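What follows is a short report on a single structure.
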Amino acid sequence: MNIAITGEGIISAIGHDKATVLESLREGRSGIGEMRYLPSTHHELPVGEVKWSDEELQSRLSLDPSGKFSRTAMMGMWSIRQALEDSLLSPDSSRIVLISGTTVAGMDLSERYFAEMVTDGGHLECLLDHSCGDNTRLMAEHFGCFTDYTTISTACSSAANALILGANMLKAGEADIVVAGGTEALSLFHLNGFNSLMILDKERCRPFDDTRAGLNLGEGAAFVVMETEEHARQRQAPIHAYLSGYGNACDAFHQTASSDNGEGAFLAMREALEMAGLQPSDIDYVNAHGTGTPNNDQSESVALQRVFGSDLPPVSSTKGFTGHTTSASGSIEAVICLLAIHHGFIPANLGFAHPMSDGIVPSIGADGCQLRHVLCNSFGFGGNDSAIVLSRNEEGGTRNEISLRQDQRQKYSPSSFLVPPSSKIKELSRVEITSIDQLSEIRDYVKPLEARRMGKLMKASLLSSLKALKLAGVECPDAIITGTALGCWENSEALLMQMLEEGEVMLSPTNFMQSTHNTISSNIAIRLGCHGYNVTYTQGSDSLEWALRDARLLLQSGRYKTVLVGCHDETTPLYRSLMERLGITGLPAIHSVAIVLKGEKMKE
């Protein structure tokens with residue numbers, strides 16, 4: 001089944017739509033420079049900011065001028081609107097699903113009003129729109145045409161994984177159209193968090209250059225409209241390209257560093273090529289993850305050489321244009337790849353001048369190229385590595401004037417996610433942790449010193465998972481899928497309090513590292529040495545349901561036999577007190593559930 005891409009939207013440091021982004025790429029014009037809108041003291045750190053203020057975004061989207069909207073949500077709305085218009089989409093009776101990747105979400109508003117929240121209870125309504133899932137909900141409600149929505153948070157591979165989920169849902173018949181991508185705004189939280197890891201460059205980044213010294217953070221959003229080729233042709237939609245292959249693997253090495261041999265990256269690229277039915281020699285261009293950090297570029301170089309050998313196609317990183325847009329990078333760079341395919345050029349690897357002694361030599365750009373198949377890499381913290389293959393539509397697309405309607409909202413029936421009769425799923429075990437007192441059992445599985453370094457939720461999630469696997473008699477699952485509404489909130493709150501009390505100082509790198517939602521599942525993968533599929537859903541109270549839906553998709557495909565599904569959340573006394581002021585009570589201090597599922601083909 002072919003997955004067609006019929007519309008794209010993008011906003012980034014180099015443009016507010018496809019036309020302006022293309023112009024910047026063709027002219028080699030970087031959008032990285034001194035920060036203008038982020039109210040940080042760290043002006044020595046260049047960033048890739050979108051060149052519109054929050055007020056400009058709010059006005060262009062015709063949002064209530066008295067309302068408070070996160071920059072993340074607004075950039076997402078802007079790019080989604082472009083994508084819907086580009087695809088000439090009319091919802092009619094279609095099931096249209098929105099899948100967004102983000103990590104920062106509403107942090108820009110939370111950090112702006114945090115002092116008032118904790119002192120006099122002011123602006124508490126911002127907490128209701130803080131989480132990743134809340135931002136996706138706001139974007140979906142803005143358009144009113146989506147029948148369902150969810151959020152993926154796997155750090156810098158989030159948007160790529162959104163495309164992968166969308167393709168799997170289309171293939172399984174669980175959606176007619178998917179709008180997938182990612183959005184991420186700059187915030188003081190993650191600027192200072194990345195700075196605590198000492199991987200930000202004070203100059204413009206230089207991916208794959210021997211003098212590279214770190215990354216530049218960026219912001220932006222991009223979304224693509226996907227549907228089966230059959231569906232697209234039925235509605236005479238323009239087919240811009242195909243998502244012909246994709247792979248998701250876990251490096252299972254370290255929470256913030258990549259392995260020396262790039263195992264996760266290698267496995268993801270190999271899987272994407274195999275799904276596309278392509279040989280490495282069929283790839284005409286690779287858009288590398290290429291962050292400009294010494295570790296990533298070296299590890300990715302090794303992985304690329306393992307995949308392509310001496311026959312390496314042109315490779316470049318476009319982060320010298322946009323900055324590292326973190327959770328949105330996978331979709332922003334996918335749209336850049338589509339522009340390269342359509343206009344026959346290879347984007348330059350800006351800043352490259354000095355070859356690495358044992359790394360790849362990136363492209364400085366080229367015109368007049370015929371690109372049929374492009375590989376696009378996205379690698380996140382915790383070794384969440386994903387790769388996609390985009391292939392040109394050789395026949396060209398057709399356009400038909402179809403008006404965009406934003407009504408007739410529908411809701412999925414839960415039965416649409418049931419496993420088909422040709423297969424069945426068995427629950428092998430289930431373990432639940434609902435009390436802090438239960439966490440002492442973690443010492444049965446890890447050393448005391450290691451346990452002391454973990455936060456409460458990290459202990460609970462690891463403990464419930466290891467116990468469930470033991471009960472199921474499964475040493476290492478084929479996939480790990482996690483749901484969480486807030487992630488390790490204790491760590492996020494600690495960083496916010498530190499910034500409130502001390503300002504933009506060197507924050508705790510451990511707290512920042514554990515504040516990312518996918519830290520939970522990557523910690524389990526590292527413990528087990530599990531290189532399989534790894535993804536994290538964060539959609540409020542529906543997080544577990546989405547994790548289970550994805551598990552069912554994997555198991556019914558027959559490519560996976562066992563999946564570890566978990567849902568893990570915690571709250572702090574401060575968070576509970578703030579939510580009680582909003583009338584929300586009864587939140588547990590901790591709740592962790594781990595389930596091991598096995599797929600079995602039924603006998604004919």
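Residues in the structure tokens are numbered from 1 in each chain, the chains being A, B, ... in the order shown, and ligands are numbered from 1 in the order shown.
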Could you produce a table of the residues of stretch 516-578 of chain A lying within 12 Å of stretch 147-168 of chain A, with the nearest pair of atoms per residue and their separation in Å rounded to one decimal, using only C-alpha atoms, ordered by chain and increasing residue number, as JSON lines?
```
{"residue": "A:Thr516", "atom": "CA", "partner": "A:Ala155", "partner_atom": "CA", "distance": 6.7}
{"residue": "A:His517", "atom": "CA", "partner": "A:Ser153", "partner_atom": "CA", "distance": 6.2}
{"residue": "A:Asn518", "atom": "CA", "partner": "A:Thr154", "partner_atom": "CA", "distance": 5.1}
{"residue": "A:Thr519", "atom": "CA", "partner": "A:Thr154", "partner_atom": "CA", "distance": 8.4}
{"residue": "A:Ile520", "atom": "CA", "partner": "A:Thr154", "partner_atom": "CA", "distance": 10.2}
{"residue": "A:Ser521", "atom": "CA", "partner": "A:Thr154", "partner_atom": "CA", "distance": 9.3}
{"residue": "A:Ser522", "atom": "CA", "partner": "A:Thr154", "partner_atom": "CA", "distance": 9.2}
{"residue": "A:Tyr533", "atom": "CA", "partner": "A:Asn161", "partner_atom": "CA", "distance": 10.3}
{"residue": "A:Asn534", "atom": "CA", "partner": "A:Thr154", "partner_atom": "CA", "distance": 8.5}
{"residue": "A:Val535", "atom": "CA", "partner": "A:Thr154", "partner_atom": "CA", "distance": 6.2}
{"residue": "A:Thr536", "atom": "CA", "partner": "A:Ser153", "partner_atom": "CA", "distance": 5.6}
{"residue": "A:Tyr537", "atom": "CA", "partner": "A:Ile152", "partner_atom": "CA", "distance": 4.7}
{"residue": "A:Thr538", "atom": "CA", "partner": "A:Thr151", "partner_atom": "CA", "distance": 5.5}
{"residue": "A:Gln539", "atom": "CA", "partner": "A:Thr151", "partner_atom": "CA", "distance": 5.7}
{"residue": "A:Gly540", "atom": "CA", "partner": "A:Thr151", "partner_atom": "CA", "distance": 9.4}
{"residue": "A:Ser541", "atom": "CA", "partner": "A:Thr150", "partner_atom": "CA", "distance": 11.2}
{"residue": "A:Asp542", "atom": "CA", "partner": "A:Thr150", "partner_atom": "CA", "distance": 8.5}
{"residue": "A:Ser543", "atom": "CA", "partner": "A:Thr150", "partner_atom": "CA", "distance": 8.3}
{"residue": "A:Leu544", "atom": "CA", "partner": "A:Thr150", "partner_atom": "CA", "distance": 11.2}
{"residue": "A:Glu545", "atom": "CA", "partner": "A:Thr150", "partner_atom": "CA", "distance": 10.3}
{"residue": "A:Trp546", "atom": "CA", "partner": "A:Thr150", "partner_atom": "CA", "distance": 7.5}
{"residue": "A:Ala547", "atom": "CA", "partner": "A:Ile152", "partner_atom": "CA", "distance": 9.9}
{"residue": "A:Arg549", "atom": "CA", "partner": "A:Leu165", "partner_atom": "CA", "distance": 10.2}
{"residue": "A:Asp550", "atom": "CA", "partner": "A:Leu165", "partner_atom": "CA", "distance": 7.6}
{"residue": "A:Ala551", "atom": "CA", "partner": "A:Leu165", "partner_atom": "CA", "distance": 10.9}
{"residue": "A:Arg552", "atom": "CA", "partner": "A:Asn168", "partner_atom": "CA", "distance": 10.8}
{"residue": "A:Leu553", "atom": "CA", "partner": "A:Asn168", "partner_atom": "CA", "distance": 7.1}
{"residue": "A:Leu554", "atom": "CA", "partner": "A:Asn168", "partner_atom": "CA", "distance": 8.6}
{"residue": "A:Leu555", "atom": "CA", "partner": "A:Asn168", "partner_atom": "CA", "distance": 11.7}
{"residue": "A:Gln556", "atom": "CA", "partner": "A:Asn168", "partner_atom": "CA", "distance": 10.9}
{"residue": "A:Ser557", "atom": "CA", "partner": "A:Asn168", "partner_atom": "CA", "distance": 9.4}
```
Stretch 343-347 of chain A environment, 8 Å, only C-alpha atoms, sequence neighbours closer than 6 positions dropped, as a ChimeraX atom specification: /A:25-26,285,314,316,318,363-371
I need the residues from that last selection saved to file as a PDB file, in the first residue's frame (with N, CA and C atoms), if you can.
```
ATOM      1  N   LEU A  25      16.830  28.375   1.040  1.00  0.00           N
ATOM      2  CA  LEU A  25      17.668  27.208   0.750  1.00  0.00           C
ATOM      3  C   LEU A  25      18.456  27.417  -0.534  1.00  0.00           C
ATOM      4  N   ARG A  26      17.804  27.924  -1.576  1.00  0.00           N
ATOM      5  CA  ARG A  26      18.476  28.107  -2.849  1.00  0.00           C
ATOM      6  C   ARG A  26      19.556  29.177  -2.766  1.00  0.00           C
ATOM      7  N   TYR A 285      20.046  11.182  -2.087  1.00  0.00           N
ATOM      8  CA  TYR A 285      20.462  12.239  -1.146  1.00  0.00           C
ATOM      9  C   TYR A 285      20.054  11.816   0.255  1.00  0.00           C
ATOM     10  N   PRO A 314      25.257  11.988  -1.841  1.00  0.00           N
ATOM     11  CA  PRO A 314      25.417  13.309  -1.220  1.00  0.00           C
ATOM     12  C   PRO A 314      24.677  13.373   0.114  1.00  0.00           C
ATOM     13  N   SER A 316      23.906  16.011   3.548  1.00  0.00           N
ATOM     14  CA  SER A 316      24.057  17.325   4.183  1.00  0.00           C
ATOM     15  C   SER A 316      23.100  17.429   5.351  1.00  0.00           C
ATOM     16  N   THR A 318      20.770  20.284   7.262  1.00  0.00           N
ATOM     17  CA  THR A 318      20.213  21.618   7.025  1.00  0.00           C
ATOM     18  C   THR A 318      20.034  22.403   8.322  1.00  0.00           C
ATOM     19  N   SER A 363      27.917  17.527   1.591  1.00  0.00           N
ATOM     20  CA  SER A 363      27.773  18.299   0.358  1.00  0.00           C
ATOM     21  C   SER A 363      27.699  19.786   0.658  1.00  0.00           C
ATOM     22  N   ILE A 364      28.307  20.575  -0.199  1.00  0.00           N
ATOM     23  CA  ILE A 364      28.191  22.036  -0.078  1.00  0.00           C
ATOM     24  C   ILE A 364      27.035  22.553  -0.936  1.00  0.00           C
ATOM     25  N   GLY A 365      26.246  21.619  -1.477  1.00  0.00           N
ATOM     26  CA  GLY A 365      25.071  21.973  -2.258  1.00  0.00           C
ATOM     27  C   GLY A 365      25.277  21.725  -3.738  1.00  0.00           C
ATOM     28  N   ALA A 366      24.191  21.488  -4.441  1.00  0.00           N
ATOM     29  CA  ALA A 366      24.266  21.259  -5.883  1.00  0.00           C
ATOM     30  C   ALA A 366      22.906  21.527  -6.511  1.00  0.00           C
ATOM     31  N   ASP A 367      22.928  21.995  -7.777  1.00  0.00           N
ATOM     32  CA  ASP A 367      21.701  22.234  -8.544  1.00  0.00           C
ATOM     33  C   ASP A 367      21.606  21.240  -9.687  1.00  0.00           C
ATOM     34  N   GLY A 368      20.440  21.206 -10.322  1.00  0.00           N
ATOM     35  CA  GLY A 368      20.249  20.345 -11.473  1.00  0.00           C
ATOM     36  C   GLY A 368      20.309  18.870 -11.156  1.00  0.00           C
ATOM     37  N   CYS A 369      19.810  18.501  -9.968  1.00  0.00           N
ATOM     38  CA  CYS A 369      19.874  17.101  -9.528  1.00  0.00           C
ATOM     39  C   CYS A 369      18.522  16.415  -9.733  1.00  0.00           C
ATOM     40  N   GLN A 370      18.574  15.174 -10.145  1.00  0.00           N
ATOM     41  CA  GLN A 370      17.358  14.378 -10.245  1.00  0.00           C
ATOM     42  C   GLN A 370      17.277  13.479  -9.019  1.00  0.00           C
ATOM     43  N   LEU A 371      16.402  13.833  -8.109  1.00  0.00           N
ATOM     44  CA  LEU A 371      16.271  13.106  -6.850  1.00  0.00           C
ATOM     45  C   LEU A 371      15.005  12.265  -6.885  1.00  0.00           C
TER      46      LEU A 371
END
```
Selection near stretch 297-310 of chain A, 6 Å with only C-alpha atoms, sequence-local residues under 2 positions removed, as a PyMOL selection string: chain A and resi 208+260-262+266+280+290+294-295+312+359-360
Write the residues you've just listed into a file as a compact mmCIF listing (two decimals), in the first residue's frame, and include all heavy atoms for each of them.
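Contents of the output file again_2.txt:
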```
# COMPACT_ATOMS: atom_id res chain seq x y z
N PHE A 208 29.31 18.24 10.79
CA PHE A 208 30.30 17.39 10.12
C PHE A 208 31.61 18.11 9.82
O PHE A 208 32.43 17.63 9.04
CB PHE A 208 29.72 16.77 8.83
CG PHE A 208 28.53 15.91 9.07
CD1 PHE A 208 27.27 16.32 8.68
CD2 PHE A 208 28.64 14.69 9.73
CE1 PHE A 208 26.15 15.54 8.90
CE2 PHE A 208 27.54 13.90 9.98
CZ PHE A 208 26.28 14.32 9.56
N ASP A 260 29.23 4.68 19.78
CA ASP A 260 30.35 4.85 18.85
C ASP A 260 30.06 4.26 17.48
O ASP A 260 30.52 4.77 16.46
CB ASP A 260 31.62 4.22 19.43
CG ASP A 260 32.14 4.97 20.65
OD1 ASP A 260 31.77 6.15 20.80
OD2 ASP A 260 32.89 4.37 21.44
N ASN A 261 29.30 3.16 17.46
CA ASN A 261 29.03 2.50 16.18
C ASN A 261 27.69 2.90 15.57
O ASN A 261 27.30 2.39 14.52
CB ASN A 261 29.10 0.97 16.33
CG ASN A 261 27.98 0.42 17.22
OD1 ASN A 261 27.23 1.18 17.85
ND2 ASN A 261 27.86 -0.89 17.27
N GLY A 262 26.96 3.82 16.22
CA GLY A 262 25.70 4.32 15.68
C GLY A 262 24.68 3.22 15.43
O GLY A 262 23.95 3.25 14.43
N PHE A 266 21.89 3.11 12.47
CA PHE A 266 22.10 2.10 11.44
C PHE A 266 20.85 1.24 11.27
O PHE A 266 20.38 1.01 10.14
CB PHE A 266 23.30 1.23 11.80
CG PHE A 266 23.43 -0.03 10.99
CD1 PHE A 266 23.87 0.01 9.68
CD2 PHE A 266 23.08 -1.26 11.54
CE1 PHE A 266 23.97 -1.16 8.92
CE2 PHE A 266 23.18 -2.42 10.80
CZ PHE A 266 23.63 -2.37 9.49
N PRO A 280 20.84 0.57 -0.90
CA PRO A 280 21.49 1.83 -0.56
C PRO A 280 21.85 2.67 -1.79
O PRO A 280 21.76 3.91 -1.75
CB PRO A 280 22.74 1.38 0.21
CG PRO A 280 22.33 0.08 0.83
CD PRO A 280 21.44 -0.57 -0.17
N GLY A 290 22.71 15.39 11.73
CA GLY A 290 23.77 16.39 11.71
C GLY A 290 23.59 17.59 12.61
O GLY A 290 23.43 18.71 12.13
N PRO A 294 30.04 17.17 18.55
CA PRO A 294 31.09 16.19 18.24
C PRO A 294 30.58 14.76 18.27
O PRO A 294 30.91 13.96 17.40
CB PRO A 294 32.13 16.44 19.34
CG PRO A 294 31.96 17.90 19.68
CD PRO A 294 30.48 18.15 19.56
N ASN A 295 29.74 14.43 19.25
CA ASN A 295 29.28 13.05 19.40
C ASN A 295 28.33 12.63 18.29
O ASN A 295 28.51 11.60 17.65
CB ASN A 295 28.62 12.88 20.77
CG ASN A 295 27.99 11.51 20.96
OD1 ASN A 295 26.79 11.37 21.04
ND2 ASN A 295 28.82 10.47 21.03
N LEU A 312 28.74 6.36 -0.88
CA LEU A 312 27.89 7.27 -0.11
C LEU A 312 27.28 8.33 -1.02
O LEU A 312 27.99 9.01 -1.77
CB LEU A 312 28.73 7.95 0.98
CG LEU A 312 27.98 8.78 2.03
CD1 LEU A 312 27.15 7.88 2.93
CD2 LEU A 312 28.96 9.59 2.87
N GLY A 359 35.35 10.97 9.36
CA GLY A 359 33.92 11.13 9.17
C GLY A 359 33.57 11.35 7.72
O GLY A 359 34.42 11.32 6.84
N ILE A 360 32.30 11.59 7.47
CA ILE A 360 31.86 11.82 6.11
C ILE A 360 32.22 13.24 5.67
O ILE A 360 32.48 14.12 6.50
CB ILE A 360 30.34 11.62 5.98
CG1 ILE A 360 29.59 12.70 6.77
CG2 ILE A 360 29.91 10.24 6.44
CD1 ILE A 360 28.14 12.84 6.40
```
Near-stretch 5-18 of chain A list (6 Å; only C-alpha atoms; drop same-chain fewer than 3 positions) as a VMD selection string: chain A and resid 21 to 22 24 31 48 to 50 79 to 80 82 to 83 86 to 87 220 to 226 238 to 242 322
Could you save the residues just selected, with C-alpha atoms, as a PDB file, in the first residue's frame?
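Below is the file again_19.pdb, written as the result:
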```
ATOM      1  CA  VAL A  21      11.913  28.440   2.809  1.00  0.00           C
ATOM      2  CA  LEU A  22      12.805  27.351  -0.722  1.00  0.00           C
ATOM      3  CA  SER A  24      16.444  30.709   1.559  1.00  0.00           C
ATOM      4  CA  GLY A  31      18.195  32.013   9.698  1.00  0.00           C
ATOM      5  CA  GLY A  48      17.173  30.002  14.758  1.00  0.00           C
ATOM      6  CA  GLU A  49      14.083  32.039  15.647  1.00  0.00           C
ATOM      7  CA  VAL A  50      10.935  32.344  13.579  1.00  0.00           C
ATOM      8  CA  SER A  79       1.827  25.167   9.317  1.00  0.00           C
ATOM      9  CA  ILE A  80      -1.240  22.905   9.578  1.00  0.00           C
ATOM     10  CA  GLN A  82      -0.840  25.637   4.965  1.00  0.00           C
ATOM     11  CA  ALA A  83      -0.817  21.847   4.692  1.00  0.00           C
ATOM     12  CA  ASP A  86      -2.015  22.723  -0.059  1.00  0.00           C
ATOM     13  CA  SER A  87      -3.779  19.358  -0.162  1.00  0.00           C
ATOM     14  CA  GLY A 220       9.394  26.065  13.982  1.00  0.00           C
ATOM     15  CA  ALA A 221       6.766  23.649  12.786  1.00  0.00           C
ATOM     16  CA  ALA A 222       5.922  21.538   9.768  1.00  0.00           C
ATOM     17  CA  PHE A 223       3.063  19.177   8.960  1.00  0.00           C
ATOM     18  CA  VAL A 224       2.252  16.991   5.968  1.00  0.00           C
ATOM     19  CA  VAL A 225      -1.057  15.559   4.772  1.00  0.00           C
ATOM     20  CA  MET A 226      -0.857  11.809   4.170  1.00  0.00           C
ATOM     21  CA  PRO A 238      -2.249  16.298  -5.782  1.00  0.00           C
ATOM     22  CA  ILE A 239       0.298  13.565  -4.986  1.00  0.00           C
ATOM     23  CA  HIS A 240       3.520  15.387  -4.195  1.00  0.00           C
ATOM     24  CA  ALA A 241       5.559  12.350  -3.157  1.00  0.00           C
ATOM     25  CA  TYR A 242       5.362   9.045  -1.306  1.00  0.00           C
ATOM     26  CA  THR A 322      17.150  26.486  10.689  1.00  0.00           C
TER      27      THR A 322
END
```
Spatial neighbours of A:Val389, 6 Å, only C-alpha atoms, chain gap at least 4 places, as a list in words: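 That gives Ser244, Gly245, Val374 and Leu375 of chain A.
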Write out the residues from the selection above, keeping N, CA and C atoms, as an mmCIF file, in the first residue's frame.
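File produced: out-v8.cif:
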```
data_model
loop_
_atom_site.group_PDB
_atom_site.id
_atom_site.type_symbol
_atom_site.label_atom_id
_atom_site.label_comp_id
_atom_site.auth_asym_id
_atom_site.auth_seq_id
_atom_site.Cartn_x
_atom_site.Cartn_y
_atom_site.Cartn_z
ATOM 1 N N SER A 244 7.734 6.169 1.305
ATOM 2 C CA SER A 244 7.888 4.799 0.824
ATOM 3 C C SER A 244 8.530 3.857 1.839
ATOM 4 N N GLY A 245 9.166 4.396 2.853
ATOM 5 C CA GLY A 245 9.788 3.531 3.855
ATOM 6 C C GLY A 245 10.091 4.296 5.120
ATOM 7 N N VAL A 374 14.967 9.949 -1.321
ATOM 8 C CA VAL A 374 15.737 10.710 -0.335
ATOM 9 C C VAL A 374 15.535 10.089 1.038
ATOM 10 N N LEU A 375 16.627 9.949 1.781
ATOM 11 C CA LEU A 375 16.591 9.424 3.148
ATOM 12 C C LEU A 375 16.738 10.590 4.114
#
```
Backbone-only DSSP, helix (DSSP H, G or I) members of stretch 434-603 of chain A, as a PyMOL selection string: chain A and resi 436-444+448-452+456-472+489-502+509-515+519-528+540-557+573-581
Backbone-only DSSP, strand (DSSP E or B) members of stretch 173-286 of chain A, as number ranges by chain: A: 177-184, 200, 209, 215, 217-218, 220-228, 241-250, 285-286
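Put simply, atom CA of A:Gly247 is 16.6 Å away from atom CA of A:Phe381.
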Residue contacts of A:Leu462 (8 Å, only C-alpha atoms) excluding same-chain residues fewer than 5 positions away, as a list in words: Ile442, Ile520, Asn523 and Ile524 of chain A
Residue nearest A:Leu582 among A:Val446, A:Ile332, A:Gly122, A:Phe321 (counting only C-alpha atoms):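 Once distances to A:Leu582 are computed over only C-alpha atoms, the minimum belongs to A:Gly122.
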Write out, as CSV, each residue of stretch 450-514 of chain A that has an atom at most 12 Å from stretch 98-108 of chain A, together with the closest pair of atoms and their distance in Å to one decimal, counting only C-alpha atoms, rows going by chain and rising number.
```
residue,atom,partner,partner_atom,distance
A:Ala485,CA,A:Thr103,CA,11.6
A:Leu486,CA,A:Thr103,CA,10.3
A:Gly487,CA,A:Thr103,CA,10.0
A:Ser492,CA,A:Met107,CA,9.9
A:Glu493,CA,A:Met107,CA,11.1
A:Leu495,CA,A:Met107,CA,11.6
A:Leu496,CA,A:Met107,CA,9.7
A:Phe512,CA,A:Val104,CA,11.7
```
Write out, as a PDB file, in the first residue's frame, the residues just selected, with all heavy atoms.
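Generated output (part.pdb):
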```
ATOM      1  N   ALA A 485       1.341  11.461  30.726  1.00  0.00           N
ATOM      2  CA  ALA A 485       0.702  12.763  30.542  1.00  0.00           C
ATOM      3  C   ALA A 485       1.676  13.900  30.770  1.00  0.00           C
ATOM      4  O   ALA A 485       1.675  14.900  30.047  1.00  0.00           O
ATOM      5  CB  ALA A 485      -0.488  12.893  31.497  1.00  0.00           C
ATOM      6  N   LEU A 486       2.539  13.760  31.786  1.00  0.00           N
ATOM      7  CA  LEU A 486       3.432  14.856  32.174  1.00  0.00           C
ATOM      8  C   LEU A 486       4.905  14.486  32.166  1.00  0.00           C
ATOM      9  O   LEU A 486       5.757  15.358  32.305  1.00  0.00           O
ATOM     10  CB  LEU A 486       3.069  15.347  33.587  1.00  0.00           C
ATOM     11  CG  LEU A 486       1.718  16.035  33.754  1.00  0.00           C
ATOM     12  CD1 LEU A 486       1.432  16.250  35.224  1.00  0.00           C
ATOM     13  CD2 LEU A 486       1.683  17.359  33.002  1.00  0.00           C
ATOM     14  N   GLY A 487       5.218  13.194  32.003  1.00  0.00           N
ATOM     15  CA  GLY A 487       6.613  12.787  32.099  1.00  0.00           C
ATOM     16  C   GLY A 487       7.102  12.906  33.530  1.00  0.00           C
ATOM     17  O   GLY A 487       6.314  12.875  34.490  1.00  0.00           O
ATOM     18  N   SER A 492      10.980  18.518  35.925  1.00  0.00           N
ATOM     19  CA  SER A 492      10.597  19.760  35.249  1.00  0.00           C
ATOM     20  C   SER A 492      10.337  20.867  36.259  1.00  0.00           C
ATOM     21  O   SER A 492      10.778  22.011  36.088  1.00  0.00           O
ATOM     22  CB  SER A 492       9.342  19.530  34.392  1.00  0.00           C
ATOM     23  OG  SER A 492       9.585  18.590  33.371  1.00  0.00           O
ATOM     24  N   GLU A 493       9.618  20.532  37.310  1.00  0.00           N
ATOM     25  CA  GLU A 493       9.316  21.519  38.338  1.00  0.00           C
ATOM     26  C   GLU A 493      10.590  22.010  39.024  1.00  0.00           C
ATOM     27  O   GLU A 493      10.734  23.211  39.313  1.00  0.00           O
ATOM     28  CB  GLU A 493       8.365  20.916  39.361  1.00  0.00           C
ATOM     29  CG  GLU A 493       7.896  21.893  40.420  1.00  0.00           C
ATOM     30  CD  GLU A 493       6.977  21.227  41.424  1.00  0.00           C
ATOM     31  OE1 GLU A 493       5.822  20.911  41.044  1.00  0.00           O
ATOM     32  OE2 GLU A 493       7.413  21.016  42.575  1.00  0.00           O
ATOM     33  N   LEU A 495      13.544  22.314  37.727  1.00  0.00           N
ATOM     34  CA  LEU A 495      14.236  23.254  36.840  1.00  0.00           C
ATOM     35  C   LEU A 495      13.527  24.607  36.822  1.00  0.00           C
ATOM     36  O   LEU A 495      14.176  25.668  36.822  1.00  0.00           O
ATOM     37  CB  LEU A 495      14.318  22.685  35.430  1.00  0.00           C
ATOM     38  CG  LEU A 495      15.305  21.534  35.219  1.00  0.00           C
ATOM     39  CD1 LEU A 495      15.299  21.103  33.757  1.00  0.00           C
ATOM     40  CD2 LEU A 495      16.719  21.951  35.608  1.00  0.00           C
ATOM     41  N   LEU A 496      12.197  24.589  36.798  1.00  0.00           N
ATOM     42  CA  LEU A 496      11.449  25.844  36.828  1.00  0.00           C
ATOM     43  C   LEU A 496      11.711  26.601  38.136  1.00  0.00           C
ATOM     44  O   LEU A 496      11.886  27.829  38.128  1.00  0.00           O
ATOM     45  CB  LEU A 496       9.952  25.564  36.665  1.00  0.00           C
ATOM     46  CG  LEU A 496       9.487  25.205  35.260  1.00  0.00           C
ATOM     47  CD1 LEU A 496       8.061  24.666  35.290  1.00  0.00           C
ATOM     48  CD2 LEU A 496       9.573  26.410  34.329  1.00  0.00           C
ATOM     49  N   PHE A 512      17.320  18.162  33.665  1.00  0.00           N
ATOM     50  CA  PHE A 512      16.916  18.452  32.295  1.00  0.00           C
ATOM     51  C   PHE A 512      16.789  17.168  31.474  1.00  0.00           C
ATOM     52  O   PHE A 512      15.806  16.976  30.751  1.00  0.00           O
ATOM     53  CB  PHE A 512      17.910  19.391  31.619  1.00  0.00           C
ATOM     54  CG  PHE A 512      17.587  19.644  30.167  1.00  0.00           C
ATOM     55  CD1 PHE A 512      16.433  20.324  29.810  1.00  0.00           C
ATOM     56  CD2 PHE A 512      18.416  19.175  29.164  1.00  0.00           C
ATOM     57  CE1 PHE A 512      16.109  20.541  28.477  1.00  0.00           C
ATOM     58  CE2 PHE A 512      18.115  19.391  27.825  1.00  0.00           C
ATOM     59  CZ  PHE A 512      16.946  20.076  27.481  1.00  0.00           C
TER      60      PHE A 512
END
```
